[in-house]
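*Asks:* Dropping in target.tsv, with TSV, C-alpha atoms and all ligand atoms.
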```tsv
chain	number	residue	atom	x	y	z
F	1	MET	CA	44.18	-145.91	-93.58
F	2	ILE	CA	43.46	-148.77	-91.22
F	3	TYR	CA	40.69	-151.08	-92.45
F	4	LEU	CA	38.90	-153.44	-90.09
F	5	ALA	CA	36.52	-156.05	-91.52
F	6	VAL	CA	34.26	-158.42	-89.63
F	7	MET	CA	32.64	-161.43	-91.25
F	8	GLY	CA	29.47	-162.44	-89.43
F	9	SER	CA	28.45	-165.70	-91.08
F	10	GLU	CA	28.64	-169.01	-89.31
F	11	ARG	CA	29.85	-170.40	-92.64
F	12	LYS	CA	33.41	-169.26	-93.20
F	13	ASN	CA	33.63	-170.00	-96.89
F	14	LYS	CA	30.25	-169.08	-98.23
F	15	ASN	CA	28.53	-166.03	-99.65
F	16	THR	CA	29.10	-163.39	-96.99
F	17	ASN	CA	32.77	-164.25	-96.90
F	18	ALA	CA	33.10	-164.20	-100.70
F	19	ALA	CA	31.44	-160.78	-100.89
F	20	LEU	CA	33.64	-159.35	-98.13
F	21	ASP	CA	36.79	-160.81	-99.69
F	22	ALA	CA	35.96	-159.19	-103.03
F	23	PHE	CA	35.70	-155.80	-101.31
F	24	LEU	CA	38.94	-156.46	-99.41
F	25	LYS	CA	40.70	-157.43	-102.64
F	26	GLY	CA	39.93	-153.94	-103.90
F	27	ILE	CA	41.39	-152.47	-100.71
F	28	SER	CA	44.58	-154.49	-101.27
F	29	ASN	CA	44.76	-153.48	-104.94
F	30	LYS	CA	45.05	-149.90	-103.75
F	31	GLY	CA	47.91	-150.81	-101.42
F	32	HIS	CA	45.91	-150.61	-98.20
F	33	THR	CA	46.15	-153.28	-95.56
F	34	TYR	CA	43.30	-154.65	-93.54
F	35	GLU	CA	42.53	-156.88	-90.61
F	36	LYS	CA	39.74	-159.40	-91.02
F	37	VAL	CA	37.94	-160.92	-88.06
F	38	TYR	CA	35.66	-163.95	-88.27
F	39	LEU	CA	33.06	-163.25	-85.59
F	40	LYS	CA	32.43	-166.98	-85.25
F	41	ASP	CA	35.95	-167.34	-83.79
F	42	VAL	CA	35.58	-164.53	-81.25
F	43	GLU	CA	34.07	-165.25	-77.88
F	44	ILE	CA	31.51	-162.46	-77.45
F	45	ASN	CA	29.15	-162.66	-74.50
F	46	ARG	CA	25.69	-161.22	-74.82
F	47	CYS	CA	25.11	-157.79	-73.32
F	48	ILE	CA	23.28	-158.28	-70.01
F	49	ALA	CA	22.23	-154.63	-69.57
F	50	CYS	CA	24.12	-154.32	-66.28
F	51	ASP	CA	24.87	-150.66	-67.11
F	52	ASN	CA	28.43	-151.00	-65.83
F	53	CYS	CA	29.66	-149.20	-68.97
F	54	SER	CA	27.56	-146.14	-68.08
F	55	ARG	CA	28.91	-146.11	-64.54
F	56	THR	CA	32.58	-146.93	-65.18
F	57	GLY	CA	33.23	-146.63	-68.92
F	58	HIS	CA	34.10	-150.34	-69.06
F	59	CYS	CA	32.28	-153.50	-69.96
F	60	ILE	CA	32.19	-156.10	-67.17
F	61	TYR	CA	33.22	-158.86	-69.53
F	62	ASN	CA	36.80	-159.79	-70.20
F	63	ASP	CA	36.18	-161.60	-73.48
F	64	GLY	CA	37.02	-161.32	-77.16
F	65	MET	CA	35.10	-158.08	-77.47
F	66	GLY	CA	37.86	-156.31	-75.48
F	67	ASP	CA	40.27	-156.89	-78.33
F	68	LEU	CA	37.62	-155.95	-80.88
F	69	TYR	CA	36.89	-152.66	-79.05
F	70	LYS	CA	40.60	-151.81	-79.46
F	71	LYS	CA	40.59	-152.69	-83.14
F	72	ILE	CA	37.39	-150.68	-83.69
F	73	ASP	CA	38.87	-147.66	-81.91
F	74	GLN	CA	42.02	-147.81	-84.02
F	75	CYS	CA	40.48	-148.27	-87.46
F	76	ASP	CA	39.59	-145.61	-90.02
F	77	VAL	CA	37.17	-147.80	-91.97
F	78	PHE	CA	35.00	-150.50	-90.39
F	79	VAL	CA	33.35	-152.98	-92.76
F	80	VAL	CA	30.68	-155.34	-91.44
F	81	ALA	CA	29.44	-158.22	-93.58
F	82	SER	CA	26.47	-160.22	-92.33
F	83	PRO	CA	24.02	-162.78	-93.65
F	84	ILE	CA	20.37	-161.83	-93.44
F	85	TYR	CA	18.49	-164.01	-90.97
F	86	PHE	CA	14.79	-163.30	-90.52
F	87	ASN	CA	15.12	-159.99	-92.34
F	88	THR	CA	17.97	-158.62	-90.27
F	89	ILE	CA	21.58	-159.33	-89.31
F	90	ASN	CA	22.37	-162.73	-87.82
F	91	ALA	CA	23.05	-163.54	-84.18
F	92	HIS	CA	26.87	-163.42	-84.34
F	93	THR	CA	26.68	-159.92	-85.76
F	94	LYS	CA	23.87	-158.76	-83.46
F	95	THR	CA	25.77	-159.95	-80.38
F	96	MET	CA	28.68	-157.73	-81.43
F	97	VAL	CA	26.27	-154.86	-82.16
F	98	ASP	CA	24.65	-155.10	-78.72
F	99	ARG	CA	28.05	-154.90	-77.08
F	100	ALA	CA	28.45	-151.47	-78.68
F	101	GLN	CA	26.25	-150.41	-75.78
F	102	ARG	CA	29.61	-149.71	-74.16
F	103	TYR	CA	29.95	-146.76	-76.55
F	104	TRP	CA	26.57	-145.39	-75.50
F	105	GLY	CA	27.70	-145.82	-71.90
F	106	ILE	CA	30.83	-143.84	-72.65
F	107	LYS	CA	29.00	-141.13	-74.59
F	108	TYR	CA	26.05	-140.53	-72.33
F	109	GLY	CA	27.23	-141.88	-68.98
F	110	TYR	CA	30.62	-142.08	-67.34
F	111	GLY	CA	32.79	-141.27	-70.29
F	112	ARG	CA	31.04	-138.10	-71.36
F	113	ASP	CA	33.66	-135.44	-71.98
F	114	LYS	CA	36.31	-137.84	-70.64
F	115	ILE	CA	36.72	-140.50	-73.30
F	116	ASP	CA	37.11	-139.69	-76.95
F	117	ILE	CA	35.60	-142.14	-79.45
F	118	PRO	CA	37.63	-141.72	-82.65
F	119	LYS	CA	35.75	-140.93	-85.83
F	120	LYS	CA	35.69	-143.45	-88.65
F	121	VAL	CA	33.69	-144.60	-91.67
F	122	GLY	CA	31.33	-147.61	-91.77
F	123	PHE	CA	30.29	-149.87	-94.63
F	124	PHE	CA	27.80	-152.75	-94.56
F	125	ILE	CA	27.47	-155.80	-96.79
F	126	GLY	CA	24.20	-157.76	-96.41
F	127	VAL	CA	23.69	-161.19	-97.93
F	128	GLY	CA	20.20	-162.71	-98.23
F	129	GLY	CA	19.51	-166.18	-99.55
F	130	ALA	CA	15.97	-165.54	-100.79
F	131	LYS	CA	14.79	-163.84	-103.96
F	132	TYR	CA	14.72	-160.07	-103.50
F	133	THR	CA	11.73	-158.57	-101.73
F	134	HIS	CA	11.36	-154.90	-100.83
F	135	ASP	CA	11.72	-155.67	-97.10
F	136	GLN	CA	14.49	-158.26	-97.31
F	137	PHE	CA	17.23	-155.99	-95.91
F	138	LEU	CA	15.01	-153.33	-94.43
F	139	TRP	CA	15.53	-154.21	-90.79
F	140	ALA	CA	19.26	-154.69	-91.05
F	141	ILE	CA	19.78	-151.10	-92.15
F	142	PRO	CA	18.53	-149.16	-89.08
F	143	VAL	CA	20.35	-151.62	-86.82
F	144	MET	CA	23.62	-150.98	-88.63
F	145	ASP	CA	22.88	-147.26	-88.71
F	146	MET	CA	22.47	-147.16	-84.93
F	147	PHE	CA	25.55	-149.33	-84.47
F	148	PHE	CA	27.74	-147.08	-86.61
F	149	LYS	CA	26.37	-143.99	-84.85
F	150	ALA	CA	27.36	-145.48	-81.49
F	151	LEU	CA	30.92	-146.02	-82.75
F	152	ASN	CA	31.19	-142.52	-84.22
F	153	ALA	CA	31.33	-144.06	-87.67
F	154	GLU	CA	29.85	-142.21	-90.59
F	155	PHE	CA	27.69	-144.78	-92.41
F	156	ARG	CA	29.06	-144.47	-95.95
F	157	GLY	CA	27.36	-147.28	-97.85
F	158	ILE	CA	25.46	-150.52	-98.12
F	159	TYR	CA	25.83	-153.36	-100.59
F	160	ASN	CA	23.03	-155.92	-100.45
F	161	ILE	CA	22.98	-159.20	-102.36
F	162	SER	CA	19.86	-161.37	-102.79
F	163	GLU	CA	19.25	-164.94	-103.90
F	164	THR	CA	22.49	-166.42	-102.65
F	165	ASP	CA	20.75	-169.71	-101.85
F	166	GLN	CA	20.16	-170.14	-105.59
F	167	ILE	CA	23.31	-168.60	-107.06
F	168	GLN	CA	26.37	-168.35	-104.88
F	169	VAL	CA	28.28	-165.08	-104.74
F	170	SER	CA	31.42	-166.90	-105.88
F	171	ASP	CA	29.57	-167.78	-109.11
F	172	ARG	CA	28.56	-164.17	-109.80
F	173	PRO	CA	31.59	-162.46	-111.34
F	174	SER	CA	29.79	-159.14	-111.86
F	175	ILE	CA	29.16	-158.83	-108.11
F	176	LEU	CA	32.72	-159.79	-107.26
F	177	LYS	CA	34.06	-157.27	-109.76
F	178	GLU	CA	31.78	-154.49	-108.54
F	179	LEU	CA	32.66	-155.08	-104.88
F	180	GLU	CA	36.33	-155.11	-105.76
F	181	GLU	CA	35.91	-151.77	-107.52
F	182	ILE	CA	34.01	-150.32	-104.55
F	183	GLY	CA	36.89	-151.48	-102.33
F	184	GLU	CA	39.43	-149.87	-104.65
F	185	ASN	CA	37.62	-146.55	-104.67
F	186	PHE	CA	36.31	-146.60	-101.13
F	187	SER	CA	38.75	-144.11	-99.65
F	188	ASP	CA	37.70	-141.53	-102.29
F	189	LEU	CA	33.98	-142.13	-101.82
F	190	LYS	CA	32.22	-139.15	-100.30
F	191	GLU	CA	28.54	-139.85	-100.92
F	192	PHE	CA	26.44	-142.41	-99.11
F	193	PHE	CA	25.21	-145.10	-101.48
F	194	ILE	CA	23.04	-148.21	-101.51
F	195	GLN	CA	23.65	-150.91	-104.05
F	196	LYS	CA	21.20	-153.82	-104.36
F	197	VAL	CA	22.09	-156.84	-106.38
F	198	LEU	CA	19.04	-158.97	-107.00
F	201	LIG	C1	18.17	-169.01	-89.64
F	201	LIG	C2	18.18	-168.48	-91.03
F	201	LIG	C3	17.36	-167.44	-91.37
F	201	LIG	C4	17.37	-166.91	-92.66
F	201	LIG	N1	16.55	-165.87	-92.94
F	201	LIG	C5	16.62	-165.30	-94.18
F	201	LIG	C6	15.80	-164.16	-94.48
F	201	LIG	O1	15.04	-163.67	-93.67
F	201	LIG	N2	15.93	-163.62	-95.73
F	201	LIG	C7	16.77	-164.14	-96.68
F	201	LIG	O2	16.84	-163.61	-97.78
F	201	LIG	N3	17.56	-165.22	-96.40
F	201	LIG	C8	17.50	-165.81	-95.18
F	201	LIG	N4	18.31	-166.87	-94.89
F	201	LIG	C9	19.27	-167.35	-95.92
F	201	LIG	C10	20.66	-166.74	-95.73
F	201	LIG	O3	20.58	-165.32	-95.76
F	201	LIG	C11	21.57	-167.20	-96.85
F	201	LIG	O4	21.75	-168.62	-96.77
F	201	LIG	C12	22.92	-166.53	-96.86
F	201	LIG	O5	23.64	-166.91	-98.00
F	201	LIG	C13	23.73	-166.89	-95.62
F	201	LIG	O6	25.01	-166.34	-95.69
F	201	LIG	P1	26.30	-167.32	-95.92
F	201	LIG	O7	26.08	-167.99	-97.22
F	201	LIG	O8	27.46	-166.43	-95.89
F	201	LIG	O9	26.31	-168.27	-94.76
F	201	LIG	C14	18.26	-167.44	-93.62
F	201	LIG	C15	19.11	-168.50	-93.28
F	201	LIG	C16	19.06	-169.03	-92.01
F	201	LIG	C17	19.99	-170.17	-91.66
```
Can I see the file as C-alpha cells?
*Replies:*
Amino acid sequence: MIYLAVMGSERKNKNTNAALDAFLKGISNKGHTYEKVYLKDVEINRCIACDNCSRTGHCIYNDGMGDLYKKIDQCDVFVVASPIYFNTINAHTKTMVDRAQRYWGIKYGYGRDKIDIPKKVGFFIGVGGAKYTHDQFLWAIPVMDMFFKALNAEFRGIYNISETDQIQVSDRPSILKELEEIGENFSDLKEFFIQKVL
C-alpha cells in the first residue's frame, strides 16, 4: 500500500500537523510507509480555467503540482489534512483541489477513454479552532467529496477536530490515540465514517 499525505496548514508544527502525524504513526505501526507533503512548500499556481487539460490532457503549468499529480496517481491511499478557514478548507489546500480540474479534463475531455486514472481511497482530517458548531466543517466536506471523486478516490472517512485554538491537538492524548488507531486499522476499514471531536 502506498500512502500519500498532504498537510495543508501554513503552520508546520501546529494542530493539523499533529493530527496528521498521529494518523501516520498508526500507518507506520502497521509496517506501511508513507510520503508526507507540506503544501506550504510546494509551488502550486492557481487554476486559471484555460481548459488546456480538457483539450490536451495536460495542465499548462510546469510547477510543483506536476510532481504531486504523479504521487497522487501512484498512491493507494490519499490523506488530506486541512485547517478550517471560514468554514471550509484553507487556501493552500483549495489551490491544490482546484488543480484537480486536470482530472475532470482527462475524464470528460481529451483523456476520455485514453487515460486511466487509478483508483484509490481518500481520507480527510479537518481542524477547526473554534468551539464546535453544526456548520463548522459542513462546507469542507462537499469540497473534499468532489475532489476525491475527480481523483477516482473512494472517500472513506472524515475526522474533524474542534476547539484547537483553546486546546491544542498535541495536548489531547485521546485524539492522538484515536487517530493512531484509525491509521493502524485504515487498510481494513470498509465503511465510510465521520468522527467529530468537539
Ligand atoms: C483566516 C482564518 C480563518 C479561520 N476560520 C475558522 C473557521 O471558520 N472556523 C474555525 O473553527 N476556525 C477557524 N480558524 C481557526 C483555525 O481553524 C485554527 O487556528 C486551526 O487550528 C488552524 O490549524 P493549524 O493549527 O494547523 O494551523 C481560522 C483561522 C484563520 C487564520
*Asks:* Under the rule that only C-alpha atoms and all ligand atoms are counted, which of F:Gly128, F:Gly109, F:Gly183, F:Gly64 is the nearest residue to ligand LIG 201 (chain F)?
*Replies:*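 For ligand LIG 201 (chain F), the nearest of the candidates is F:Gly128.
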*Asks:* Calculate how many Å separate CA of Lys107 in chain F from CA of Asn52 in chain F, rounding to one decimal.
*Replies:*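 So the answer is 13.2 Å.
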*Asks:* Which residues are near Gly129 in chain F? Cut-off 6 Å, all atoms listed in the file, ignore same chain within fewer than 5 positions. Put them as a PyMOL selection string.
*Replies:* chain F and resi 162-165
*Asks:* Store the residues picked out above, limited to C-alpha atoms, as a short mmCIF file (atom, residue, chain, number, x, y, z; two decimals), in the frame of the given file.
*Replies:*
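Below you can see selection-v8.cif, which holds the result:
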```
data_model
loop_
_atom_site.label_atom_id
_atom_site.label_comp_id
_atom_site.auth_asym_id
_atom_site.auth_seq_id
_atom_site.Cartn_x
_atom_site.Cartn_y
_atom_site.Cartn_z
CA SER F 162 19.86 -161.37 -102.79
CA GLU F 163 19.25 -164.94 -103.90
CA THR F 164 22.49 -166.42 -102.65
CA ASP F 165 20.75 -169.71 -101.85
#
```
*Asks:* Compare F:Leu138, F:Leu151, F:Leu176, F:Arg156 by their minimum atom-to-atom distance to Asp188 in chain F, counting only C-alpha atoms, and give me the closest one.
*Replies:*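 Among the listed residues, F:Arg156 lies closest to Asp188 in chain F.
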*Asks:* Please identify every polymer residue within 7 Å of ligand LIG 201 (chain F), using only C-alpha atoms and all ligand atoms, and present the set as a CSV table (one decimal) with C-alpha atoms, in the frame of the given file.
*Replies:*
```csv
chain,number,residue,atom,x,y,z
F,9,SER,CA,28.4,-165.7,-91.1
F,10,GLU,CA,28.6,-169.0,-89.3
F,11,ARG,CA,29.8,-170.4,-92.6
F,14,LYS,CA,30.2,-169.1,-98.2
F,15,ASN,CA,28.5,-166.0,-99.6
F,16,THR,CA,29.1,-163.4,-97.0
F,17,ASN,CA,32.8,-164.2,-96.9
F,83,PRO,CA,24.0,-162.8,-93.6
F,84,ILE,CA,20.4,-161.8,-93.4
F,85,TYR,CA,18.5,-164.0,-91.0
F,86,PHE,CA,14.8,-163.3,-90.5
F,87,ASN,CA,15.1,-160.0,-92.3
F,88,THR,CA,18.0,-158.6,-90.3
F,127,VAL,CA,23.7,-161.2,-97.9
F,128,GLY,CA,20.2,-162.7,-98.2
F,129,GLY,CA,19.5,-166.2,-99.6
F,130,ALA,CA,16.0,-165.5,-100.8
F,131,LYS,CA,14.8,-163.8,-104.0
F,136,GLN,CA,14.5,-158.3,-97.3
F,162,SER,CA,19.9,-161.4,-102.8
F,163,GLU,CA,19.2,-164.9,-103.9
F,164,THR,CA,22.5,-166.4,-102.6
F,165,ASP,CA,20.8,-169.7,-101.8
```
*Asks:* Could you list, as number ranges by chain, every residue within 12 Å of Asn13 in chain F, counting only C-alpha atoms and ignoring same-chain residues fewer than 4 positions away?
*Replies:* F: 7-9, 17-21, 38, 168-170
*Asks:* Let me make sure I understand: among F:Thr93, F:Gln166, F:Gln195, F:Asn185, which one has the smallest atom-to-atom distance to Lys40 in chain F if we use all atoms listed in the file?
*Replies:*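 Distance minimum relative to Lys40 in chain F lands on F:Thr93.
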*Asks:* Using only C-alpha atoms, can you tell me which of F:Asp67, F:Ala22, F:Ile27, F:Ala100 comes closest to Cys47 in chain F?
*Replies:*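 The shortest atom-to-atom distance to Cys47 in chain F comes from F:Ala100.
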